[in-house]
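J.: Right, I'll just put the structure down here and ask away after.
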Amino acid sequence: IAAFERAGEIILEIKDNGRGFTPEEVTSVSRYGLRSMRERAESIHADFQIISAPGAGTTISLKIPTVEKINL
């Protein structure tokens, strides 16, 4: 887990070294959870990304704009 500020954003990254996945492998139950995370991020004007590949683990990234950046 890493958290830092860069260029008017607070960035939170969660990485694992698990087996990773492709979009086709996500079950409908998991898909609902991922969609919920994306919707919550959008509600605070944040960028939500999931980067994953089989055998390469998964990274979840949340970039939250600071108040100053939102007001621009």
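Every chain in the structure tokens takes a letter, A first, then B, and so on in the order presented; its residues are numbered from 1, and the ligands are numbered from 1 following the presented order.
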If we count only C-alpha atoms and set the cut-off at 12 Å, which residues sit around Glu25 (chain A), ignoring sequence neighbours fewer than 6 positions away in its own chain? Please answer as an MDAnalysis selection string.
T.: chainID A and resid 19 31 52:54
J.: Using only C-alpha atoms, which residues sit within 9 Å of Pro65 (chain A) once same-chain residues fewer than 6 positions away are excluded, as a list in words?
T.: Ala7, Gly8, Glu9, Ile10, Ile11, Ile44, His45, Ala46 and Asp47 of chain A
J.: Could you jot down the CA of Ser36 (chain A) to CA of Gln49 (chain A) separation for me, Å, one decimal place?
T.: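 Atom-to-atom, CA of Ser36 (chain A) and CA of Gln49 (chain A) are spaced 12.7 Å apart.
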J.: Quick one: of A:Ala3, A:Leu34, A:Ala41, A:Ile14, who's nearest to Thr58 (chain A), counting only C-alpha atoms?
T.: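 Of all the options, A:Ile14 lies closest to Thr58 (chain A).
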J.: Between CA of Glu39 (chain A) and CA of Lys15 (chain A), what distance in Å does the model show, to one decimal?
T.: 20.6 Å
J.: Just give me the gap between CA of Thr59 (chain A) and CA of Gly20 (chain A) in Å, one decimal is fine.
T.: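 Here the two named atoms are 9.1 Å from each other.
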J.: Just list the residues in chain A DSSP gives alpha helix (DSSP H) on the backbone, as a PyMOL selection string.
T.: chain A and resi 28-43+67-70
